[in-house]
file data_3.txt (compact mmCIF, N, CA and C atoms)
# COMPACT_ATOMS: atom_id res chain seq x y z
N MET A 1 45.33 -97.09 -141.79
CA MET A 1 44.51 -96.18 -142.56
C MET A 1 44.12 -94.99 -141.69
N THR A 2 44.28 -93.79 -142.22
CA THR A 2 43.96 -92.61 -141.44
C THR A 2 42.47 -92.27 -141.56
N THR A 3 41.94 -91.70 -140.52
CA THR A 3 40.54 -91.30 -140.49
C THR A 3 40.37 -90.05 -141.35
N PRO A 4 39.37 -90.03 -142.23
CA PRO A 4 39.15 -88.83 -143.05
C PRO A 4 38.88 -87.61 -142.16
N PHE A 5 39.32 -86.44 -142.62
CA PHE A 5 39.22 -85.22 -141.81
C PHE A 5 37.79 -84.95 -141.36
N TRP A 6 36.80 -85.23 -142.19
CA TRP A 6 35.41 -84.92 -141.83
C TRP A 6 34.88 -85.83 -140.73
N GLN A 7 35.57 -86.95 -140.49
CA GLN A 7 35.21 -87.81 -139.37
C GLN A 7 36.08 -87.53 -138.15
N ALA A 8 37.26 -86.97 -138.38
CA ALA A 8 38.21 -86.73 -137.30
C ALA A 8 38.06 -85.36 -136.65
N LYS A 9 37.52 -84.39 -137.39
CA LYS A 9 37.45 -83.02 -136.88
C LYS A 9 36.01 -82.52 -136.84
N PRO A 10 35.69 -81.75 -135.81
CA PRO A 10 34.39 -81.07 -135.84
C PRO A 10 34.46 -79.94 -136.87
N LEU A 11 33.32 -79.50 -137.34
CA LEU A 11 33.26 -78.45 -138.37
C LEU A 11 34.06 -77.21 -137.97
N ASN A 12 34.02 -76.85 -136.69
CA ASN A 12 34.68 -75.61 -136.26
C ASN A 12 36.20 -75.72 -136.18
N GLN A 13 36.76 -76.91 -136.46
CA GLN A 13 38.21 -77.06 -136.45
C GLN A 13 38.77 -77.32 -137.85
N MET A 14 37.93 -77.28 -138.85
CA MET A 14 38.39 -77.54 -140.21
C MET A 14 39.08 -76.32 -140.80
N THR A 15 40.05 -76.60 -141.66
CA THR A 15 40.71 -75.52 -142.40
C THR A 15 39.74 -75.01 -143.46
N THR A 16 40.04 -73.88 -144.03
CA THR A 16 39.21 -73.33 -145.10
C THR A 16 39.12 -74.32 -146.26
N GLU A 17 40.23 -74.93 -146.61
CA GLU A 17 40.25 -75.90 -147.71
C GLU A 17 39.37 -77.11 -147.39
N GLU A 18 39.46 -77.62 -146.17
CA GLU A 18 38.62 -78.75 -145.78
C GLU A 18 37.14 -78.35 -145.82
N TRP A 19 36.83 -77.20 -145.26
CA TRP A 19 35.44 -76.71 -145.22
C TRP A 19 34.89 -76.62 -146.64
N GLU A 20 35.63 -76.00 -147.53
CA GLU A 20 35.17 -75.82 -148.91
C GLU A 20 34.99 -77.17 -149.62
N SER A 21 35.84 -78.14 -149.30
CA SER A 21 35.76 -79.45 -149.97
C SER A 21 34.52 -80.24 -149.55
N LEU A 22 33.85 -79.82 -148.49
CA LEU A 22 32.62 -80.50 -148.07
C LEU A 22 31.49 -80.30 -149.07
N CYS A 23 31.55 -79.21 -149.83
CA CYS A 23 30.50 -78.95 -150.82
C CYS A 23 30.55 -80.05 -151.88
N ASP A 24 29.41 -80.72 -152.08
CA ASP A 24 29.38 -81.83 -153.04
C ASP A 24 29.09 -81.38 -154.47
N GLY A 25 28.77 -80.10 -154.65
CA GLY A 25 28.51 -79.59 -155.99
C GLY A 25 27.13 -79.93 -156.52
N CYS A 26 26.17 -80.10 -155.62
CA CYS A 26 24.81 -80.44 -156.07
C CYS A 26 24.07 -79.22 -156.61
N GLY A 27 24.40 -78.04 -156.11
CA GLY A 27 23.73 -76.82 -156.54
C GLY A 27 22.41 -76.55 -155.86
N ARG A 28 21.97 -77.44 -154.99
CA ARG A 28 20.65 -77.26 -154.36
C ARG A 28 20.57 -76.00 -153.50
N CYS A 29 21.67 -75.64 -152.84
CA CYS A 29 21.62 -74.44 -152.00
C CYS A 29 21.54 -73.18 -152.85
N CYS A 30 21.83 -73.30 -154.14
CA CYS A 30 21.77 -72.16 -155.05
C CYS A 30 20.40 -72.00 -155.69
N LEU A 31 19.47 -72.88 -155.36
CA LEU A 31 18.10 -72.72 -155.85
C LEU A 31 17.41 -71.64 -155.04
N GLN A 32 16.57 -70.88 -155.69
CA GLN A 32 15.80 -69.88 -154.97
C GLN A 32 14.80 -70.60 -154.07
N LYS A 33 14.66 -70.06 -152.87
CA LYS A 33 13.75 -70.64 -151.90
C LYS A 33 12.71 -69.60 -151.49
N LEU A 34 11.52 -70.08 -151.24
CA LEU A 34 10.45 -69.20 -150.77
C LEU A 34 10.03 -69.67 -149.39
N GLU A 35 9.93 -68.74 -148.46
CA GLU A 35 9.55 -69.10 -147.10
C GLU A 35 8.10 -68.72 -146.85
N ASP A 36 7.35 -69.67 -146.32
CA ASP A 36 5.97 -69.43 -145.96
C ASP A 36 5.99 -68.54 -144.71
N GLN A 37 5.44 -67.34 -144.81
CA GLN A 37 5.49 -66.39 -143.70
C GLN A 37 4.71 -66.87 -142.47
N ASP A 38 3.70 -67.71 -142.69
CA ASP A 38 2.89 -68.19 -141.57
C ASP A 38 3.54 -69.35 -140.83
N THR A 39 4.11 -70.29 -141.59
CA THR A 39 4.65 -71.51 -140.97
C THR A 39 6.17 -71.51 -140.85
N GLY A 40 6.85 -70.66 -141.62
CA GLY A 40 8.30 -70.66 -141.63
C GLY A 40 8.88 -71.76 -142.51
N GLU A 41 8.00 -72.55 -143.13
CA GLU A 41 8.45 -73.63 -144.00
C GLU A 41 9.15 -73.06 -145.23
N VAL A 42 10.26 -73.68 -145.60
CA VAL A 42 11.04 -73.24 -146.76
C VAL A 42 10.72 -74.15 -147.94
N HIS A 43 10.37 -73.53 -149.05
CA HIS A 43 10.04 -74.27 -150.28
C HIS A 43 11.10 -73.98 -151.33
N TYR A 44 11.66 -75.04 -151.88
CA TYR A 44 12.64 -74.89 -152.96
C TYR A 44 11.91 -74.69 -154.28
N THR A 45 12.54 -73.91 -155.17
CA THR A 45 12.02 -73.76 -156.52
C THR A 45 13.02 -74.40 -157.48
N SER A 46 12.65 -74.49 -158.73
CA SER A 46 13.55 -75.02 -159.76
C SER A 46 14.42 -73.91 -160.34
N LEU A 47 14.38 -72.74 -159.72
CA LEU A 47 15.09 -71.57 -160.23
C LEU A 47 16.42 -71.40 -159.51
N ALA A 48 17.48 -71.40 -160.30
CA ALA A 48 18.83 -71.30 -159.75
C ALA A 48 19.34 -69.87 -159.83
N CYS A 49 20.20 -69.54 -158.91
CA CYS A 49 20.89 -68.26 -158.93
C CYS A 49 21.47 -68.03 -160.32
N GLN A 50 21.44 -66.79 -160.73
CA GLN A 50 21.94 -66.45 -162.05
C GLN A 50 23.42 -66.81 -162.24
N LEU A 51 24.18 -66.98 -161.17
CA LEU A 51 25.60 -67.32 -161.28
C LEU A 51 25.86 -68.83 -161.33
N LEU A 52 24.83 -69.64 -161.11
CA LEU A 52 25.05 -71.08 -161.09
C LEU A 52 25.19 -71.61 -162.51
N ASN A 53 26.29 -72.32 -162.76
CA ASN A 53 26.47 -73.01 -164.03
C ASN A 53 25.57 -74.23 -163.95
N LEU A 54 24.58 -74.30 -164.82
CA LEU A 54 23.57 -75.35 -164.73
C LEU A 54 24.07 -76.73 -165.14
N HIS A 55 25.26 -76.81 -165.75
CA HIS A 55 25.82 -78.11 -166.08
C HIS A 55 26.74 -78.62 -164.96
N SER A 56 27.67 -77.77 -164.54
CA SER A 56 28.61 -78.20 -163.49
C SER A 56 27.99 -78.11 -162.10
N CYS A 57 26.93 -77.31 -161.97
CA CYS A 57 26.27 -77.05 -160.68
C CYS A 57 27.22 -76.38 -159.68
N ARG A 58 28.10 -75.58 -160.22
CA ARG A 58 29.03 -74.78 -159.41
C ARG A 58 28.85 -73.31 -159.77
N CYS A 59 29.20 -72.45 -158.86
CA CYS A 59 29.09 -71.02 -159.09
C CYS A 59 30.07 -70.61 -160.19
N SER A 60 29.59 -69.81 -161.12
CA SER A 60 30.43 -69.38 -162.24
C SER A 60 31.39 -68.25 -161.84
N ASP A 61 31.18 -67.65 -160.68
CA ASP A 61 32.08 -66.59 -160.20
C ASP A 61 32.12 -66.63 -158.68
N TYR A 62 32.55 -67.75 -158.15
CA TYR A 62 32.53 -68.00 -156.70
C TYR A 62 33.26 -66.91 -155.91
N GLN A 63 34.42 -66.48 -156.41
CA GLN A 63 35.21 -65.49 -155.68
C GLN A 63 34.50 -64.14 -155.54
N HIS A 64 33.69 -63.77 -156.52
CA HIS A 64 33.04 -62.45 -156.52
C HIS A 64 31.52 -62.54 -156.35
N ARG A 65 31.02 -63.68 -155.94
CA ARG A 65 29.58 -63.89 -155.89
C ARG A 65 28.86 -62.90 -154.98
N LYS A 66 29.45 -62.56 -153.85
CA LYS A 66 28.81 -61.65 -152.90
C LYS A 66 28.69 -60.23 -153.48
N GLU A 67 29.61 -59.87 -154.35
CA GLU A 67 29.55 -58.55 -154.99
C GLU A 67 28.44 -58.53 -156.04
N LYS A 68 28.30 -59.64 -156.76
CA LYS A 68 27.31 -59.71 -157.84
C LYS A 68 25.92 -60.08 -157.35
N VAL A 69 25.87 -60.89 -156.29
CA VAL A 69 24.59 -61.32 -155.71
C VAL A 69 24.70 -61.10 -154.20
N PRO A 70 24.42 -59.88 -153.75
CA PRO A 70 24.62 -59.54 -152.34
C PRO A 70 23.88 -60.45 -151.36
N GLU A 71 22.74 -61.03 -151.77
CA GLU A 71 21.99 -61.90 -150.86
C GLU A 71 22.54 -63.33 -150.80
N CYS A 72 23.58 -63.61 -151.59
CA CYS A 72 24.21 -64.93 -151.55
C CYS A 72 24.75 -65.16 -150.15
N LEU A 73 24.52 -66.35 -149.62
CA LEU A 73 24.97 -66.67 -148.28
C LEU A 73 26.30 -67.40 -148.31
N LYS A 74 27.19 -67.00 -147.44
CA LYS A 74 28.44 -67.73 -147.27
C LYS A 74 28.28 -68.56 -146.01
N LEU A 75 28.31 -69.87 -146.17
CA LEU A 75 28.16 -70.74 -145.01
C LEU A 75 29.40 -70.67 -144.13
N THR A 76 29.17 -70.48 -142.86
CA THR A 76 30.26 -70.46 -141.89
C THR A 76 29.88 -71.31 -140.68
N VAL A 77 30.84 -71.59 -139.85
CA VAL A 77 30.60 -72.36 -138.63
C VAL A 77 29.56 -71.66 -137.77
N ARG A 78 29.56 -70.33 -137.77
CA ARG A 78 28.58 -69.55 -136.99
C ARG A 78 27.15 -69.87 -137.40
N ASP A 79 26.97 -70.31 -138.66
CA ASP A 79 25.63 -70.55 -139.20
C ASP A 79 25.09 -71.94 -138.89
N ILE A 80 25.87 -72.80 -138.29
CA ILE A 80 25.45 -74.19 -138.07
C ILE A 80 24.05 -74.31 -137.46
N PRO A 81 23.68 -73.50 -136.47
CA PRO A 81 22.32 -73.64 -135.92
C PRO A 81 21.22 -73.35 -136.94
N HIS A 82 21.58 -72.71 -138.03
CA HIS A 82 20.59 -72.33 -139.04
C HIS A 82 20.65 -73.21 -140.28
N PHE A 83 21.36 -74.32 -140.24
CA PHE A 83 21.54 -75.18 -141.41
C PHE A 83 20.28 -75.95 -141.79
N HIS A 84 19.19 -75.80 -141.03
CA HIS A 84 17.96 -76.55 -141.32
C HIS A 84 17.42 -76.29 -142.72
N TRP A 85 17.74 -75.15 -143.31
CA TRP A 85 17.23 -74.84 -144.64
C TRP A 85 18.03 -75.54 -145.74
N LEU A 86 19.21 -76.04 -145.39
CA LEU A 86 20.01 -76.76 -146.38
C LEU A 86 19.36 -78.10 -146.69
N PRO A 87 19.56 -78.60 -147.91
CA PRO A 87 19.00 -79.92 -148.24
C PRO A 87 19.50 -80.97 -147.25
N ASP A 88 18.68 -81.98 -147.00
CA ASP A 88 19.09 -82.99 -146.01
C ASP A 88 20.17 -83.92 -146.54
N THR A 89 20.64 -83.68 -147.76
CA THR A 89 21.76 -84.43 -148.33
C THR A 89 23.06 -83.64 -148.23
N CYS A 90 23.00 -82.41 -147.76
CA CYS A 90 24.15 -81.51 -147.72
C CYS A 90 25.15 -81.95 -146.64
N ALA A 91 26.43 -82.01 -147.03
CA ALA A 91 27.47 -82.45 -146.10
C ALA A 91 27.56 -81.55 -144.87
N TYR A 92 27.41 -80.26 -145.06
CA TYR A 92 27.48 -79.35 -143.91
C TYR A 92 26.39 -79.69 -142.90
N ARG A 93 25.20 -79.88 -143.39
CA ARG A 93 24.07 -80.21 -142.51
C ARG A 93 24.25 -81.60 -141.91
N LEU A 94 24.62 -82.58 -142.74
CA LEU A 94 24.80 -83.95 -142.23
C LEU A 94 25.81 -83.98 -141.10
N LEU A 95 26.97 -83.37 -141.31
CA LEU A 95 28.02 -83.40 -140.29
C LEU A 95 27.60 -82.62 -139.04
N ALA A 96 26.90 -81.50 -139.23
CA ALA A 96 26.42 -80.72 -138.08
C ALA A 96 25.44 -81.53 -137.25
N GLU A 97 24.70 -82.44 -137.92
CA GLU A 97 23.73 -83.29 -137.22
C GLU A 97 24.33 -84.61 -136.77
N GLY A 98 25.65 -84.79 -136.92
CA GLY A 98 26.31 -86.01 -136.48
C GLY A 98 26.08 -87.20 -137.38
N LYS A 99 25.72 -86.96 -138.63
CA LYS A 99 25.45 -88.04 -139.59
C LYS A 99 26.62 -88.23 -140.55
N ALA A 100 26.63 -89.36 -141.22
CA ALA A 100 27.69 -89.68 -142.18
C ALA A 100 27.38 -89.11 -143.55
N LEU A 101 28.42 -88.92 -144.34
CA LEU A 101 28.24 -88.50 -145.72
C LEU A 101 27.72 -89.68 -146.54
N PHE A 102 26.99 -89.37 -147.61
CA PHE A 102 26.50 -90.41 -148.50
C PHE A 102 27.65 -90.96 -149.34
N ASP A 103 27.51 -92.19 -149.80
CA ASP A 103 28.55 -92.83 -150.61
C ASP A 103 28.84 -92.08 -151.89
N TRP A 104 27.86 -91.35 -152.42
CA TRP A 104 28.05 -90.62 -153.67
C TRP A 104 28.79 -89.30 -153.47
N HIS A 105 29.02 -88.88 -152.23
CA HIS A 105 29.73 -87.62 -152.00
C HIS A 105 31.12 -87.71 -152.63
N PRO A 106 31.54 -86.69 -153.37
CA PRO A 106 32.85 -86.73 -154.03
C PRO A 106 34.04 -87.01 -153.11
N LEU A 107 33.96 -86.63 -151.85
CA LEU A 107 35.06 -86.95 -150.93
C LEU A 107 35.18 -88.46 -150.71
N ILE A 108 34.08 -89.16 -150.80
CA ILE A 108 34.09 -90.62 -150.61
C ILE A 108 34.29 -91.34 -151.94
N SER A 109 33.54 -90.92 -152.96
CA SER A 109 33.60 -91.59 -154.26
C SER A 109 34.88 -91.24 -155.03
N LYS A 110 35.51 -90.12 -154.66
CA LYS A 110 36.69 -89.61 -155.37
C LYS A 110 36.37 -89.22 -156.81
N ASN A 111 35.08 -88.94 -157.06
CA ASN A 111 34.65 -88.57 -158.41
C ASN A 111 33.66 -87.41 -158.31
N PRO A 112 34.01 -86.24 -158.86
CA PRO A 112 33.12 -85.08 -158.76
C PRO A 112 31.79 -85.26 -159.49
N ASP A 113 31.70 -86.22 -160.40
CA ASP A 113 30.45 -86.46 -161.12
C ASP A 113 29.50 -87.39 -160.39
N SER A 114 29.95 -88.00 -159.30
CA SER A 114 29.10 -88.97 -158.59
C SER A 114 27.82 -88.33 -158.07
N VAL A 115 27.87 -87.07 -157.70
CA VAL A 115 26.67 -86.38 -157.21
C VAL A 115 25.64 -86.25 -158.32
N HIS A 116 26.09 -86.08 -159.55
CA HIS A 116 25.18 -85.98 -160.69
C HIS A 116 24.62 -87.36 -161.05
N ARG A 117 25.50 -88.35 -161.05
CA ARG A 117 25.07 -89.72 -161.39
C ARG A 117 24.06 -90.25 -160.36
N ALA A 118 24.19 -89.80 -159.12
CA ALA A 118 23.26 -90.23 -158.07
C ALA A 118 21.91 -89.52 -158.18
N GLY A 119 21.82 -88.53 -159.06
CA GLY A 119 20.56 -87.80 -159.23
C GLY A 119 20.29 -86.79 -158.13
N VAL A 120 21.33 -86.38 -157.44
CA VAL A 120 21.18 -85.46 -156.31
C VAL A 120 21.31 -84.01 -156.75
N SER A 121 22.02 -83.76 -157.82
CA SER A 121 22.27 -82.38 -158.24
C SER A 121 21.08 -81.78 -158.99
N VAL A 122 21.17 -80.49 -159.23
CA VAL A 122 20.10 -79.78 -159.94
C VAL A 122 20.28 -79.87 -161.46
N ARG A 123 21.33 -80.54 -161.89
CA ARG A 123 21.57 -80.70 -163.33
C ARG A 123 20.37 -81.37 -163.98
N GLY A 124 19.91 -80.78 -165.05
CA GLY A 124 18.82 -81.39 -165.80
C GLY A 124 17.44 -80.85 -165.48
N PHE A 125 17.28 -80.15 -164.34
CA PHE A 125 15.96 -79.60 -164.06
C PHE A 125 15.97 -78.13 -163.68
N ALA A 126 17.08 -77.63 -163.22
CA ALA A 126 17.12 -76.23 -162.80
C ALA A 126 17.17 -75.31 -164.02
N GLN A 127 16.61 -74.14 -163.83
CA GLN A 127 16.68 -73.09 -164.84
C GLN A 127 17.09 -71.81 -164.15
N SER A 128 17.63 -70.88 -164.90
CA SER A 128 18.08 -69.63 -164.31
C SER A 128 16.92 -68.82 -163.77
N GLU A 129 17.15 -68.19 -162.64
CA GLU A 129 16.14 -67.32 -162.03
C GLU A 129 15.73 -66.20 -162.97
N THR A 130 16.62 -65.85 -163.89
CA THR A 130 16.32 -64.75 -164.81
C THR A 130 15.32 -65.16 -165.89
N SER A 131 15.00 -66.45 -165.98
CA SER A 131 14.07 -66.92 -167.01
C SER A 131 12.60 -66.81 -166.61
N VAL A 132 12.35 -66.48 -165.33
CA VAL A 132 10.97 -66.40 -164.83
C VAL A 132 10.82 -65.12 -164.02
N PRO A 133 9.79 -64.33 -164.30
CA PRO A 133 9.57 -63.12 -163.49
C PRO A 133 9.36 -63.50 -162.02
N GLU A 134 9.90 -62.69 -161.13
CA GLU A 134 9.86 -63.00 -159.69
C GLU A 134 8.44 -63.23 -159.19
N GLU A 135 7.47 -62.52 -159.73
CA GLU A 135 6.09 -62.71 -159.27
C GLU A 135 5.54 -64.09 -159.62
N ASP A 136 6.23 -64.82 -160.51
CA ASP A 136 5.79 -66.16 -160.89
C ASP A 136 6.63 -67.27 -160.25
N TRP A 137 7.56 -66.91 -159.37
CA TRP A 137 8.43 -67.93 -158.77
C TRP A 137 7.64 -68.97 -157.99
N GLU A 138 6.54 -68.59 -157.41
CA GLU A 138 5.73 -69.55 -156.64
C GLU A 138 5.29 -70.72 -157.52
N ASP A 139 5.12 -70.47 -158.82
CA ASP A 139 4.73 -71.53 -159.76
C ASP A 139 5.85 -72.54 -159.99
N CYS A 140 7.05 -72.22 -159.52
CA CYS A 140 8.21 -73.08 -159.77
C CYS A 140 8.62 -73.89 -158.53
N ILE A 141 7.78 -73.89 -157.49
CA ILE A 141 8.08 -74.67 -156.29
C ILE A 141 8.13 -76.15 -156.66
N ILE A 142 9.14 -76.82 -156.12
CA ILE A 142 9.33 -78.26 -156.38
C ILE A 142 9.47 -79.02 -155.06
N PRO A 143 9.09 -80.28 -155.07
CA PRO A 143 9.40 -81.10 -153.88
C PRO A 143 10.87 -81.50 -153.99
N LEU A 144 11.61 -81.34 -152.92
CA LEU A 144 13.01 -81.74 -152.93
C LEU A 144 13.10 -83.03 -152.12
N LEU A 145 13.28 -84.13 -152.82
CA LEU A 145 13.24 -85.43 -152.18
C LEU A 145 14.56 -85.79 -151.55
N SER A 146 14.49 -86.50 -150.46
CA SER A 146 15.69 -87.02 -149.82
C SER A 146 16.25 -88.14 -150.67
N VAL A 147 17.54 -88.32 -150.56
CA VAL A 147 18.19 -89.40 -151.29
C VAL A 147 18.79 -90.33 -150.25
N GLU A 148 18.46 -91.58 -150.36
CA GLU A 148 19.01 -92.56 -149.45
C GLU A 148 20.33 -93.08 -150.00
N GLY A 149 21.32 -93.17 -149.10
CA GLY A 149 22.64 -93.68 -149.42
C GLY A 149 22.83 -94.06 -150.79
call {"tool": "encode", "arguments": {"input": "data_3.txt", "output": "structure tokens"}}
result
Amino acid sequence: MTTPFWQAKPLNQMTTEEWESLCDGCGRCCLQKLEDQDTGEVHYTSLACQLLNLHSCRCSDYQHRKEKVPECLKLTVRDIPHFHWLPDTCAYRLLAEGKALFDWHPLISKNPDSVHRAGVSVRGFAQSETSVPEEDWEDCIIPLLSVEG
């Protein structure tokens, strides 16, 4: 049995296809976040980027997202030291921290819906950022709970 690429290679040696496949499709990184200016703490809101498909939890225009949403972040190997803002269930963050992927991750389960069935995705609670005026985003802060295996 061959070792899966995410266990055999460090993040900086992955192909573009391998890197992209690490995304579990939870949509959590597409939630608007508010940073406390005093503490630096990042708070997630229930408000998703306007491009996030709230059912599939995938970007509706991934190829052109940076043109449509200039503040959208493209995760790269260079950003690994800054992955602390990613959810603690995120494959990029887990692997950067030397941890294993959860059993529900689609690369392990071989099922893209496993992230939704595990209750990890934003499906069912996220709403579009366009549905709430920006001055009211603070009212949409949510606790983002860790998910155990």
call {"tool": "select_by_dssp", "arguments": {"input": "data_3.txt", "residues": "chain A", "states": "helix (DSSP H, G or I)", "output": "MDAnalysis selection string"}}
result
chainID A and resid 5:8 11:13 16:21 28:30 62:68 77:85 91:96 106:109 114:117 129:131 134:140
call {"tool": "residues_around", "arguments": {"input": "data_3.txt", "residues": "stretch 116-133 of chain A", "least_positions_apart": "6", "cutoff": "12 Å", "atoms": "only C-alpha atoms", "output": "MDAnalysis selection string"}}
result
chainID A and resid 23:33 44:58 87:90 102:106 109 139:142 144:149
call {"tool": "select_by_dssp", "arguments": {"input": "data_3.txt", "residues": "chain A", "states": "strand (DSSP E or B)", "output": "PyMOL selection string"}}
result
chain A and resi 31-35+42-48+52+59+127-128+141
call {"tool": "atom_distance", "arguments": {"input": "data_3.txt", "atom1": "atom CA of A:Ile108", "atom2": "atom CA of A:Ser21"}}
result
11.3 Å
call {"tool": "atom_distance", "arguments": {"input": "data_3.txt", "atom1": "atom N of A:Lys110", "atom2": "atom C of A:Thr15"}}
result
19.3 Å
call {"tool": "atom_distance", "arguments": {"input": "data_3.txt", "atom1": "atom C of A:Ala91", "atom2": "atom N of A:Thr39"}}
result
26.2 Å
call {"tool": "residues_around", "arguments": {"input": "data_3.txt", "residues": "A:Leu11", "least_positions_apart": "3", "cutoff": "10 Å", "atoms": "only C-alpha atoms", "output": "VMD selection string"}}
result
chain A and resid 5 to 8 14 to 15 18 to 19 22 76 to 77 80 92 95 to 96
call {"tool": "closest_residue", "arguments": {"input": "data_3.txt", "among": "A:Lys99, A:His84, A:Leu107, A:Asp136", "to": "A:Val42", "atoms": "only C-alpha atoms"}}
result
A:His84
call {"tool": "residues_near_point", "arguments": {"input": "data_3.txt", "point": "(24.6, -62.4, -153.4)", "cutoff": "12 Å", "atoms": "only C-alpha atoms", "output": "mmCIF file with N, CA and C atoms, in the coordinates of the input"}}
result
data_model
loop_
_atom_site.group_PDB
_atom_site.id
_atom_site.type_symbol
_atom_site.label_atom_id
_atom_site.label_comp_id
_atom_site.auth_asym_id
_atom_site.auth_seq_id
_atom_site.Cartn_x
_atom_site.Cartn_y
_atom_site.Cartn_z
ATOM 1 N N CYS A 30 21.830 -73.300 -154.140
ATOM 2 C CA CYS A 30 21.770 -72.160 -155.050
ATOM 3 C C CYS A 30 20.400 -72.000 -155.690
ATOM 4 N N GLN A 32 16.570 -70.880 -155.690
ATOM 5 C CA GLN A 32 15.800 -69.880 -154.970
ATOM 6 C C GLN A 32 14.800 -70.600 -154.070
ATOM 7 N N CYS A 49 20.200 -69.540 -158.910
ATOM 8 C CA CYS A 49 20.890 -68.260 -158.930
ATOM 9 C C CYS A 49 21.470 -68.030 -160.320
ATOM 10 N N GLN A 50 21.440 -66.790 -160.730
ATOM 11 C CA GLN A 50 21.940 -66.450 -162.050
ATOM 12 C C GLN A 50 23.420 -66.810 -162.240
ATOM 13 N N LEU A 51 24.180 -66.980 -161.170
ATOM 14 C CA LEU A 51 25.600 -67.320 -161.280
ATOM 15 C C LEU A 51 25.860 -68.830 -161.330
ATOM 16 N N LEU A 52 24.830 -69.640 -161.110
ATOM 17 C CA LEU A 52 25.050 -71.080 -161.090
ATOM 18 C C LEU A 52 25.190 -71.610 -162.510
ATOM 19 N N CYS A 59 29.200 -72.450 -158.860
ATOM 20 C CA CYS A 59 29.090 -71.020 -159.090
ATOM 21 C C CYS A 59 30.070 -70.610 -160.190
ATOM 22 N N ASP A 61 31.180 -67.650 -160.680
ATOM 23 C CA ASP A 61 32.080 -66.590 -160.200
ATOM 24 C C ASP A 61 32.120 -66.630 -158.680
ATOM 25 N N TYR A 62 32.550 -67.750 -158.150
ATOM 26 C CA TYR A 62 32.530 -68.000 -156.700
ATOM 27 C C TYR A 62 33.260 -66.910 -155.910
ATOM 28 N N GLN A 63 34.420 -66.480 -156.410
ATOM 29 C CA GLN A 63 35.210 -65.490 -155.680
ATOM 30 C C GLN A 63 34.500 -64.140 -155.540
ATOM 31 N N HIS A 64 33.690 -63.770 -156.520
ATOM 32 C CA HIS A 64 33.040 -62.450 -156.520
ATOM 33 C C HIS A 64 31.520 -62.540 -156.350
ATOM 34 N N ARG A 65 31.020 -63.680 -155.940
ATOM 35 C CA ARG A 65 29.580 -63.890 -155.890
ATOM 36 C C ARG A 65 28.860 -62.900 -154.980
ATOM 37 N N LYS A 66 29.450 -62.560 -153.850
ATOM 38 C CA LYS A 66 28.810 -61.650 -152.900
ATOM 39 C C LYS A 66 28.690 -60.230 -153.480
ATOM 40 N N GLU A 67 29.610 -59.870 -154.350
ATOM 41 C CA GLU A 67 29.550 -58.550 -154.990
ATOM 42 C C GLU A 67 28.440 -58.530 -156.040
ATOM 43 N N LYS A 68 28.300 -59.640 -156.760
ATOM 44 C CA LYS A 68 27.310 -59.710 -157.840
ATOM 45 C C LYS A 68 25.920 -60.080 -157.350
ATOM 46 N N VAL A 69 25.870 -60.890 -156.290
ATOM 47 C CA VAL A 69 24.590 -61.320 -155.710
ATOM 48 C C VAL A 69 24.700 -61.100 -154.200
ATOM 49 N N PRO A 70 24.420 -59.880 -153.750
ATOM 50 C CA PRO A 70 24.620 -59.540 -152.340
ATOM 51 C C PRO A 70 23.880 -60.450 -151.360
ATOM 52 N N GLU A 71 22.740 -61.030 -151.770
ATOM 53 C CA GLU A 71 21.990 -61.900 -150.860
ATOM 54 C C GLU A 71 22.540 -63.330 -150.800
ATOM 55 N N CYS A 72 23.580 -63.610 -151.590
ATOM 56 C CA CYS A 72 24.210 -64.930 -151.550
ATOM 57 C C CYS A 72 24.750 -65.160 -150.150
ATOM 58 N N LEU A 73 24.520 -66.350 -149.620
ATOM 59 C CA LEU A 73 24.970 -66.670 -148.280
ATOM 60 C C LEU A 73 26.300 -67.400 -148.310
ATOM 61 N N LYS A 74 27.190 -67.000 -147.440
ATOM 62 C CA LYS A 74 28.440 -67.730 -147.270
ATOM 63 C C LYS A 74 28.280 -68.560 -146.010
#
call {"tool": "closest_residue", "arguments": {"input": "data_3.txt", "among": "A:Glu138, A:Pro10, A:Glu20, A:Met1", "to": "A:Glu97", "atoms": "only C-alpha atoms"}}
result
A:Pro10
call {"tool": "closest_residue", "arguments": {"input": "data_3.txt", "among": "A:Asp113, A:Glu135, A:Arg93, A:Gly98", "to": "A:Leu75", "atoms": "only C-alpha atoms"}}
result
A:Arg93
